[in-house]
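Chemist: Can you keep this structure in mind? I'll have questions shortly.
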Amino acid sequence: MRPISTSRVTRIWREKIGTVAGVETIAFADNQGGPGSGKGLTIGLSHRNADILNRAGEDLARRLGEYPMISDIDDGSAQGKRQFNITLTPAGFRMGLTPGTIAAKIRHAYQGIEAVKLQRGRNEITVRVRLAEDERICETAFENYVINAPNGEIMLRDAVQIMKGRAYTVIRRSNGRREIEVAANVTPQSMAGNIIRDMKQEILPFLVGRYPGLSYGLEGKQADIKKSMAALFKGLGLALFFVFALLAIPFKSYFQPLIIMICIPFGIIGAVAGHIIMGYPLSILSLFGIVAMAGVVVNDALVLIDFANRLVRGGMPVKDAIRAAGIQRFRPIILTTLTTCGGLAPIITETSWQARFLIPMAISLGFGLFFATLITLGLVPCLYLILEDIKGLLK
């Protein structure tokens, strides 16, 4: 087992390096895992005006820097390599030059133009002609480069207007609007939700008011988590519906399946309590475990109710039947729960960092099943009797 976590190594590394002069962007990633990609917090901004969009990104990055748990902030306006922006002048036009001609001559001078191909044995060699290396790396030589125009010779600095600029690394658009992403790392990652809520209440409305036409949305890891959560709850709803349908058909009742499924909410309570006891925050993997637990906890109540129904059909009074079912099914129910929880115990108590991402799922399943079993043995018989009393009153 490693004596220090990856997150702590990253934090110490960041503190030791400090501020590096001349560096445009620096980031430290600890690869904490989990669903989604990118940094822990990513906000997408959109506006039709690129300058306004960049200013909004800088303001948002500045406000994010006020949070002590946020680091490695990227305002989304990082530009690419330095470049020369060239515009043809009237003097160049008079010499018979065009933008295409200028671009071709500069490309031939610096990248080279194919002069001849030679055959050397089985290999074909291409010979290119271009400026010498000392001229290609000299900015003065670039400006003084002489171009052979249709109407004579002219220096490049006289034929074009040369302006220094930056190339964009990527240009993102949606519905005709420019987009940028302001991203940052959050330590611990569980604080990202609190920061997003604070931003939606104060920071983002302020930016929208300051820059009319600005729109925003969650991107990156947060967007992936939101999408996963929506799919998860949709799947949970479908699963509960099919569980209800599969129970209602053999029981020929709409109410007994509800008694069996009443264990699911108590299993969720047990899963949350398990995370508190073990000191783990709820995560999307915890919700995966809760979904799995919802399909397991109904087994104990199903065994109990089915046995009681068989005794009632055999002529035994309802009260005696549910008492006998609780006594005779007690050992199978407890053994099933203990063996399942025992199988999950090695995962819950695992200390290696490679397996820690599975622990929240195991906690949800193990603690939720154990707590729901205790509820099954005490609450389900009571609800069963209440249901039978209601049926008696309706007859």
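Ordered as shown in the structure tokens, chains take letters A, B, and onward, while each chain numbers its residues from 1 and ligands are numbered from 1 in the order shown.
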What lies within 8 Å of stretch 204-221 of chain A using only C-alpha atoms, ignoring chain neighbours under 6 positions off, as a short mmCIF file (atom, residue, chain, number, x, y, z; two decimals) with N, CA, C and O atoms, in the first residue's frame?
Modeler:
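Saved file out24.cif follows:
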data_model
loop_
_atom_site.label_atom_id
_atom_site.label_comp_id
_atom_site.auth_asym_id
_atom_site.auth_seq_id
_atom_site.Cartn_x
_atom_site.Cartn_y
_atom_site.Cartn_z
N PRO A 35 -16.94 8.95 -13.09
CA PRO A 35 -17.54 9.15 -14.40
C PRO A 35 -17.21 10.51 -14.96
O PRO A 35 -16.88 11.45 -14.25
N GLY A 36 -17.31 10.64 -16.28
CA GLY A 36 -17.06 11.93 -16.91
C GLY A 36 -15.61 12.09 -17.31
O GLY A 36 -14.74 11.31 -16.96
N SER A 37 -15.37 13.15 -18.07
CA SER A 37 -14.02 13.42 -18.55
C SER A 37 -13.71 14.88 -18.33
O SER A 37 -14.59 15.73 -18.20
N GLY A 38 -12.42 15.21 -18.30
CA GLY A 38 -12.01 16.59 -18.14
C GLY A 38 -11.84 16.97 -16.69
O GLY A 38 -11.80 16.13 -15.78
N LYS A 39 -11.75 18.29 -16.46
CA LYS A 39 -11.55 18.79 -15.10
C LYS A 39 -12.84 18.67 -14.29
O LYS A 39 -13.92 18.43 -14.81
N GLY A 40 -12.68 18.87 -12.97
CA GLY A 40 -13.82 18.68 -12.08
C GLY A 40 -14.93 19.68 -12.28
O GLY A 40 -16.08 19.41 -11.94
N LEU A 41 -14.62 20.87 -12.81
CA LEU A 41 -15.63 21.91 -13.00
C LEU A 41 -15.41 22.55 -14.36
O LEU A 41 -14.33 23.08 -14.64
N THR A 42 -16.42 22.51 -15.21
CA THR A 42 -16.33 23.09 -16.55
C THR A 42 -17.62 23.82 -16.85
O THR A 42 -18.70 23.22 -16.81
N ILE A 43 -17.52 25.12 -17.13
CA ILE A 43 -18.67 25.94 -17.48
C ILE A 43 -18.51 26.42 -18.92
O ILE A 43 -17.50 27.00 -19.28
N GLY A 44 -19.50 26.14 -19.74
CA GLY A 44 -19.48 26.59 -21.13
C GLY A 44 -20.16 27.94 -21.27
O GLY A 44 -21.28 28.13 -20.78
N LEU A 45 -19.50 28.90 -21.91
CA LEU A 45 -20.04 30.22 -22.16
C LEU A 45 -20.23 30.41 -23.66
O LEU A 45 -19.41 29.92 -24.46
N SER A 46 -21.28 31.13 -24.05
CA SER A 46 -21.58 31.32 -25.47
C SER A 46 -22.04 32.75 -25.70
O SER A 46 -22.82 33.30 -24.91
N HIS A 47 -21.53 33.35 -26.80
CA HIS A 47 -21.92 34.71 -27.18
C HIS A 47 -21.57 34.90 -28.65
O HIS A 47 -20.67 34.25 -29.17
N ARG A 48 -22.28 35.81 -29.30
CA ARG A 48 -22.01 36.06 -30.72
C ARG A 48 -20.74 36.87 -30.93
O ARG A 48 -20.13 36.79 -31.99
N ILE A 52 -16.37 39.98 -26.39
CA ILE A 52 -17.19 39.94 -25.18
C ILE A 52 -17.11 38.58 -24.51
O ILE A 52 -17.03 38.46 -23.29
N LEU A 53 -17.08 37.53 -25.32
CA LEU A 53 -17.00 36.18 -24.78
C LEU A 53 -15.70 35.97 -24.01
O LEU A 53 -15.69 35.38 -22.92
N ALA A 56 -15.86 37.82 -20.70
CA ALA A 56 -16.70 37.09 -19.75
C ALA A 56 -15.97 35.89 -19.17
O ALA A 56 -16.08 35.58 -17.98
N ASP A 59 -13.55 37.14 -16.55
CA ASP A 59 -14.24 37.50 -15.31
C ASP A 59 -14.65 36.27 -14.52
O ASP A 59 -14.51 36.22 -13.30
N LEU A 60 -15.17 35.26 -15.22
CA LEU A 60 -15.57 34.03 -14.54
C LEU A 60 -14.37 33.34 -13.91
O LEU A 60 -14.45 32.85 -12.77
N GLU A 181 -14.89 27.29 -23.01
CA GLU A 181 -15.09 26.53 -21.78
C GLU A 181 -14.13 27.03 -20.72
O GLU A 181 -12.91 27.07 -20.94
#
Chemist: Set out as JSON lines a contact list for stretch 245-276 of chain A and stretch 293-301 of chain A with a cut-off of 10 Å, giving each residue of stretch 245-276 of chain A that qualifies its closest atom pair and distance in Å to one decimal, counting only C-alpha atoms, ordered by chain and rising residue number.
Modeler:
{"residue": "A:Leu247", "atom": "CA", "partner": "A:Val298", "partner_atom": "CA", "distance": 9.8}
{"residue": "A:Pro257", "atom": "CA", "partner": "A:Val298", "partner_atom": "CA", "distance": 9.2}
{"residue": "A:Ile259", "atom": "CA", "partner": "A:Ala301", "partner_atom": "CA", "distance": 8.1}
{"residue": "A:Ile260", "atom": "CA", "partner": "A:Ala301", "partner_atom": "CA", "distance": 5.3}
{"residue": "A:Met261", "atom": "CA", "partner": "A:Val298", "partner_atom": "CA", "distance": 6.1}
{"residue": "A:Ile262", "atom": "CA", "partner": "A:Val298", "partner_atom": "CA", "distance": 8.6}
{"residue": "A:Cys263", "atom": "CA", "partner": "A:Val297", "partner_atom": "CA", "distance": 6.6}
{"residue": "A:Ile264", "atom": "CA", "partner": "A:Ala294", "partner_atom": "CA", "distance": 5.5}
{"residue": "A:Pro265", "atom": "CA", "partner": "A:Ala294", "partner_atom": "CA", "distance": 8.5}
{"residue": "A:Phe266", "atom": "CA", "partner": "A:Val297", "partner_atom": "CA", "distance": 9.6}
{"residue": "A:Gly267", "atom": "CA", "partner": "A:Val297", "partner_atom": "CA", "distance": 7.2}
{"residue": "A:Ile268", "atom": "CA", "partner": "A:Ala294", "partner_atom": "CA", "distance": 8.2}
{"residue": "A:Ala271", "atom": "CA", "partner": "A:Met293", "partner_atom": "CA", "distance": 8.9}
Chemist: Could you dump the residues just selected with C-alpha atoms as a compact mmCIF listing (two decimals), in the first residue's frame?
Modeler:
# COMPACT_ATOMS: atom_id res chain seq x y z
CA LEU A 247 -44.82 -9.48 -8.54
CA PRO A 257 -46.29 -6.11 -4.37
CA ILE A 259 -45.81 -4.29 0.66
CA ILE A 260 -42.81 -6.12 -0.75
CA MET A 261 -41.41 -3.02 -2.46
CA ILE A 262 -41.79 -0.90 0.70
CA CYS A 263 -38.39 -2.29 1.69
CA ILE A 264 -36.67 -0.35 -1.11
CA PRO A 265 -36.95 3.14 0.51
CA PHE A 266 -35.65 1.73 3.79
CA GLY A 267 -32.79 0.13 1.88
CA ILE A 268 -31.92 3.58 0.52
CA ALA A 271 -27.24 2.90 2.07
Chemist: Which polymer residues have any atom within 9 Å of an atom of stretch 141-158 of chain A, counting only C-alpha atoms, with same-chain residues fewer than 4 positions away left out, as a list of chain:residue names?
Modeler: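 My list of contacting residues is A:Thr89, A:Ala91, A:Gly92, A:Arg94, A:Met95, A:Gly96, A:Leu97, A:Thr101, A:Ile102, A:Lys105, A:Ile106, A:Asp134, A:Glu135, A:Arg136, A:Ile137, A:Ile162.
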Chemist: Could you list, with a cut-off of 12 Å and counting only C-alpha atoms, the residues of stretch 228-268 of chain A near stretch 274-289 of chain A, each shown with its nearest atom pair and the distance in Å rounded to one decimal, rows sorted by chain and ascending number, as CSV?
Modeler:
residue,atom,partner,partner_atom,distance
A:Ser228,CA,A:Ile284,CA,8.2
A:Met229,CA,A:Ile284,CA,7.3
A:Ala230,CA,A:Ile284,CA,11.0
A:Ala231,CA,A:Phe288,CA,11.2
A:Leu232,CA,A:Phe288,CA,7.7
A:Phe233,CA,A:Leu287,CA,9.2
A:Gly235,CA,A:Phe288,CA,10.5
A:Leu236,CA,A:Phe288,CA,9.6
A:Gly267,CA,A:Gly274,CA,10.3
A:Ile268,CA,A:Leu287,CA,9.4
Chemist: Which of stretch 120-356 of chain A end up as strand (DSSP E or B) when DSSP is run on this backbone - answer as an mmCIF file with N, CA and C atoms, in the first residue's frame?
Modeler:
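This is the output file states28.cif:
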data_model
loop_
_atom_site.group_PDB
_atom_site.id
_atom_site.type_symbol
_atom_site.label_atom_id
_atom_site.label_comp_id
_atom_site.auth_asym_id
_atom_site.auth_seq_id
_atom_site.Cartn_x
_atom_site.Cartn_y
_atom_site.Cartn_z
ATOM 1 N N ARG A 120 17.831 6.852 -56.595
ATOM 2 C CA ARG A 120 19.067 6.336 -56.017
ATOM 3 C C ARG A 120 18.819 4.892 -55.592
ATOM 4 N N ASN A 123 15.385 3.666 -54.074
ATOM 5 C CA ASN A 123 14.725 4.779 -53.403
ATOM 6 C C ASN A 123 14.625 5.985 -54.317
ATOM 7 N N GLU A 124 13.523 6.722 -54.186
ATOM 8 C CA GLU A 124 13.322 7.956 -54.935
ATOM 9 C C GLU A 124 13.550 9.132 -53.986
ATOM 10 N N ILE A 125 14.388 10.062 -54.358
ATOM 11 C CA ILE A 125 14.762 11.196 -53.522
ATOM 12 C C ILE A 125 14.183 12.461 -54.142
ATOM 13 N N THR A 126 13.485 13.254 -53.328
ATOM 14 C CA THR A 126 12.914 14.525 -53.758
ATOM 15 C C THR A 126 13.834 15.658 -53.325
ATOM 16 N N VAL A 127 14.198 16.506 -54.255
ATOM 17 C CA VAL A 127 15.050 17.662 -53.971
ATOM 18 C C VAL A 127 14.164 18.907 -53.915
ATOM 19 N N ARG A 128 14.219 19.609 -52.780
ATOM 20 C CA ARG A 128 13.451 20.836 -52.600
ATOM 21 C C ARG A 128 14.399 22.021 -52.470
ATOM 22 N N VAL A 129 13.965 23.132 -53.000
ATOM 23 C CA VAL A 129 14.755 24.367 -52.951
ATOM 24 C C VAL A 129 14.033 25.351 -52.025
ATOM 25 N N VAL A 146 12.848 39.410 -50.789
ATOM 26 C CA VAL A 146 12.566 40.059 -52.077
ATOM 27 C C VAL A 146 11.692 39.130 -52.916
ATOM 28 N N ILE A 147 10.593 39.695 -53.418
ATOM 29 C CA ILE A 147 9.640 38.927 -54.214
ATOM 30 C C ILE A 147 9.736 39.364 -55.669
ATOM 31 N N ASN A 148 9.806 38.376 -56.530
ATOM 32 C CA ASN A 148 9.794 38.649 -57.972
ATOM 33 C C ASN A 148 8.344 38.770 -58.426
ATOM 34 N N ALA A 149 7.888 40.011 -58.636
ATOM 35 C CA ALA A 149 6.523 40.274 -59.062
ATOM 36 C C ALA A 149 6.445 40.401 -60.576
ATOM 37 N N GLY A 152 8.133 43.628 -61.612
ATOM 38 C CA GLY A 152 9.428 43.944 -61.046
ATOM 39 C C GLY A 152 9.649 43.277 -59.707
ATOM 40 N N GLU A 153 10.660 43.733 -58.977
ATOM 41 C CA GLU A 153 10.974 43.177 -57.666
ATOM 42 C C GLU A 153 10.518 44.144 -56.580
ATOM 43 N N ILE A 154 10.101 43.565 -55.432
ATOM 44 C CA ILE A 154 9.647 44.357 -54.292
ATOM 45 C C ILE A 154 9.889 43.575 -53.010
ATOM 46 N N MET A 155 10.282 44.300 -51.955
ATOM 47 C CA MET A 155 10.469 43.642 -50.670
ATOM 48 C C MET A 155 9.108 43.269 -50.068
ATOM 49 N N VAL A 160 3.272 43.949 -48.498
ATOM 50 C CA VAL A 160 2.202 43.531 -47.580
ATOM 51 C C VAL A 160 2.334 44.276 -46.268
ATOM 52 N N GLN A 161 1.259 44.290 -45.521
ATOM 53 C CA GLN A 161 1.262 44.801 -44.154
ATOM 54 C C GLN A 161 1.365 43.607 -43.210
ATOM 55 N N ILE A 162 2.405 43.586 -42.392
ATOM 56 C CA ILE A 162 2.691 42.451 -41.515
ATOM 57 C C ILE A 162 2.280 42.819 -40.090
ATOM 58 N N MET A 163 1.400 42.022 -39.507
ATOM 59 C CA MET A 163 0.954 42.215 -38.128
ATOM 60 C C MET A 163 1.131 40.914 -37.354
ATOM 61 N N LYS A 164 1.678 41.018 -36.162
ATOM 62 C CA LYS A 164 1.868 39.843 -35.314
ATOM 63 C C LYS A 164 0.548 39.471 -34.638
ATOM 64 N N GLY A 165 0.273 38.197 -34.575
ATOM 65 C CA GLY A 165 -0.958 37.729 -33.940
ATOM 66 C C GLY A 165 -0.806 36.322 -33.419
ATOM 67 N N ARG A 166 -1.932 35.759 -33.001
ATOM 68 C CA ARG A 166 -1.965 34.398 -32.480
ATOM 69 C C ARG A 166 -3.020 33.599 -33.231
ATOM 70 N N ALA A 167 -2.734 32.349 -33.437
ATOM 71 C CA ALA A 167 -3.702 31.446 -34.050
ATOM 72 C C ALA A 167 -4.552 30.808 -32.962
ATOM 73 N N TYR A 168 -5.815 30.547 -33.225
ATOM 74 C CA TYR A 168 -6.682 29.853 -32.291
ATOM 75 C C TYR A 168 -6.381 28.358 -32.334
ATOM 76 N N ARG A 172 -14.918 26.898 -31.455
ATOM 77 C CA ARG A 172 -16.152 26.142 -31.216
ATOM 78 C C ARG A 172 -17.345 27.059 -31.449
ATOM 79 N N ARG A 173 -18.313 26.562 -32.200
ATOM 80 C CA ARG A 173 -19.531 27.317 -32.486
ATOM 81 C C ARG A 173 -20.747 26.426 -32.289
ATOM 82 N N SER A 174 -21.844 27.071 -31.901
ATOM 83 C CA SER A 174 -23.128 26.378 -31.785
ATOM 84 C C SER A 174 -24.228 27.365 -32.143
ATOM 85 N N ARG A 177 -23.051 30.911 -32.688
ATOM 86 C CA ARG A 177 -22.494 31.620 -31.540
ATOM 87 C C ARG A 177 -21.161 30.992 -31.160
ATOM 88 N N ARG A 178 -20.199 31.845 -30.838
ATOM 89 C CA ARG A 178 -18.898 31.350 -30.377
ATOM 90 C C ARG A 178 -19.033 30.785 -28.970
ATOM 91 N N GLU A 179 -18.276 29.739 -28.680
ATOM 92 C CA GLU A 179 -18.318 29.095 -27.376
ATOM 93 C C GLU A 179 -16.905 28.920 -26.837
ATOM 94 N N ILE A 180 -16.761 29.066 -25.526
ATOM 95 C CA ILE A 180 -15.525 28.735 -24.831
ATOM 96 C C ILE A 180 -15.873 27.961 -23.572
ATOM 97 N N GLU A 181 -14.890 27.288 -23.012
ATOM 98 C CA GLU A 181 -15.089 26.528 -21.784
ATOM 99 C C GLU A 181 -14.131 27.029 -20.718
ATOM 100 N N VAL A 182 -14.672 27.425 -19.580
ATOM 101 C CA VAL A 182 -13.880 27.818 -18.422
ATOM 102 C C VAL A 182 -13.828 26.614 -17.496
ATOM 103 N N ALA A 183 -12.623 26.081 -17.262
ATOM 104 C CA ALA A 183 -12.472 24.832 -16.521
ATOM 105 C C ALA A 183 -11.518 25.021 -15.357
ATOM 106 N N ALA A 184 -11.685 24.177 -14.350
ATOM 107 C CA ALA A 184 -10.830 24.224 -13.166
ATOM 108 C C ALA A 184 -10.925 22.898 -12.435
ATOM 109 N N ASN A 185 -9.896 22.592 -11.658
ATOM 110 C CA ASN A 185 -9.904 21.420 -10.794
ATOM 111 C C ASN A 185 -10.453 21.785 -9.426
ATOM 112 N N VAL A 186 -11.198 20.872 -8.823
ATOM 113 C CA VAL A 186 -11.792 21.088 -7.503
ATOM 114 C C VAL A 186 -11.272 20.011 -6.563
ATOM 115 N N SER A 215 -24.840 33.355 -22.627
ATOM 116 C CA SER A 215 -25.516 32.159 -22.114
ATOM 117 C C SER A 215 -24.471 31.194 -21.579
ATOM 118 N N TYR A 216 -24.895 30.295 -20.704
ATOM 119 C CA TYR A 216 -23.952 29.391 -20.053
ATOM 120 C C TYR A 216 -24.592 28.020 -19.858
ATOM 121 N N GLY A 217 -23.757 27.055 -19.571
ATOM 122 C CA GLY A 217 -24.232 25.691 -19.308
ATOM 123 C C GLY A 217 -23.099 24.838 -18.783
ATOM 124 N N LEU A 218 -23.457 23.748 -18.152
ATOM 125 C CA LEU A 218 -22.457 22.818 -17.619
ATOM 126 C C LEU A 218 -21.877 21.992 -18.757
#
Chemist: List the spatial neighbours of A:Glu350 as a list in words - criterion: any atom at most 10 Å away, only C-alpha atoms, same-chain residues fewer than 6 positions off excluded.
Modeler: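 Residues meeting the cut-off are Arg356, Leu358 and Ile359 of chain A.
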Chemist: Using only C-alpha atoms, determine which residues lie at most 7 Å from A:Phe307, disregarding the query and same-chain residues fewer than 4 positions distant; provide the list as number ranges by chain.
Modeler: A: 303, 311, 325
Chemist: Just the residues within 12 Å of A:Ile386, please, counting only C-alpha atoms, with nothing from its chain fewer than 3 positions along; format it as an NGL selection string.
Modeler: :A and (255-256 or 259 or 318-319 or 322 or 379-383 or 389-393)
Chemist: Can you pull out the residues contacting stretch 330-343 of chain A? Cut-off 7 Å, using only C-alpha atoms, and skip same-chain residues under 4 positions away; I want them as a PyMOL selection string.
Modeler: chain A and resi 300+326+366+369-370
Chemist: So which residues of stretch 112-198 of chain A fall under helix (DSSP H, G or I) by DSSP, listed as an mmCIF file with C-alpha atoms, in the first residue's frame?
Modeler:
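selection05.cif, freshly written:
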data_model
loop_
_atom_site.group_PDB
_atom_site.id
_atom_site.type_symbol
_atom_site.label_atom_id
_atom_site.label_comp_id
_atom_site.auth_asym_id
_atom_site.auth_seq_id
_atom_site.Cartn_x
_atom_site.Cartn_y
_atom_site.Cartn_z
ATOM 1 C CA GLU A 133 18.274 27.870 -42.385
ATOM 2 C CA ASP A 134 19.801 31.058 -40.936
ATOM 3 C CA GLU A 135 17.471 33.109 -43.142
ATOM 4 C CA ARG A 136 14.388 31.046 -42.289
ATOM 5 C CA GLU A 139 12.550 37.731 -38.540
ATOM 6 C CA THR A 140 14.452 40.516 -40.292
ATOM 7 C CA ALA A 141 15.176 38.249 -43.239
ATOM 8 C CA PHE A 142 11.452 37.561 -43.488
ATOM 9 C CA GLU A 143 10.595 41.260 -43.756
ATOM 10 C CA LEU A 156 7.874 41.723 -48.681
ATOM 11 C CA ARG A 157 7.520 44.519 -46.093
ATOM 12 C CA ASP A 158 6.561 46.935 -48.909
ATOM 13 C CA ALA A 159 4.197 44.565 -50.666
ATOM 14 C CA GLN A 189 -14.167 16.728 -5.975
ATOM 15 C CA SER A 190 -17.253 16.399 -3.731
ATOM 16 C CA MET A 191 -17.261 20.213 -3.333
ATOM 17 C CA ALA A 192 -17.965 20.761 -7.051
ATOM 18 C CA GLY A 193 -21.732 20.544 -6.513
ATOM 19 C CA ASN A 194 -21.684 23.236 -3.798
ATOM 20 C CA ILE A 195 -19.582 25.541 -5.979
ATOM 21 C CA ILE A 196 -21.941 25.081 -8.945
ATOM 22 C CA ARG A 197 -24.963 25.952 -6.788
ATOM 23 C CA ASP A 198 -23.194 29.075 -5.532
#
Chemist: When distances are computed from only C-alpha atoms, which of A:Ala223, A:Leu302, A:Ala308, A:Met361 shows the smallest separation from A:Ala324?
Modeler: A:Ala308
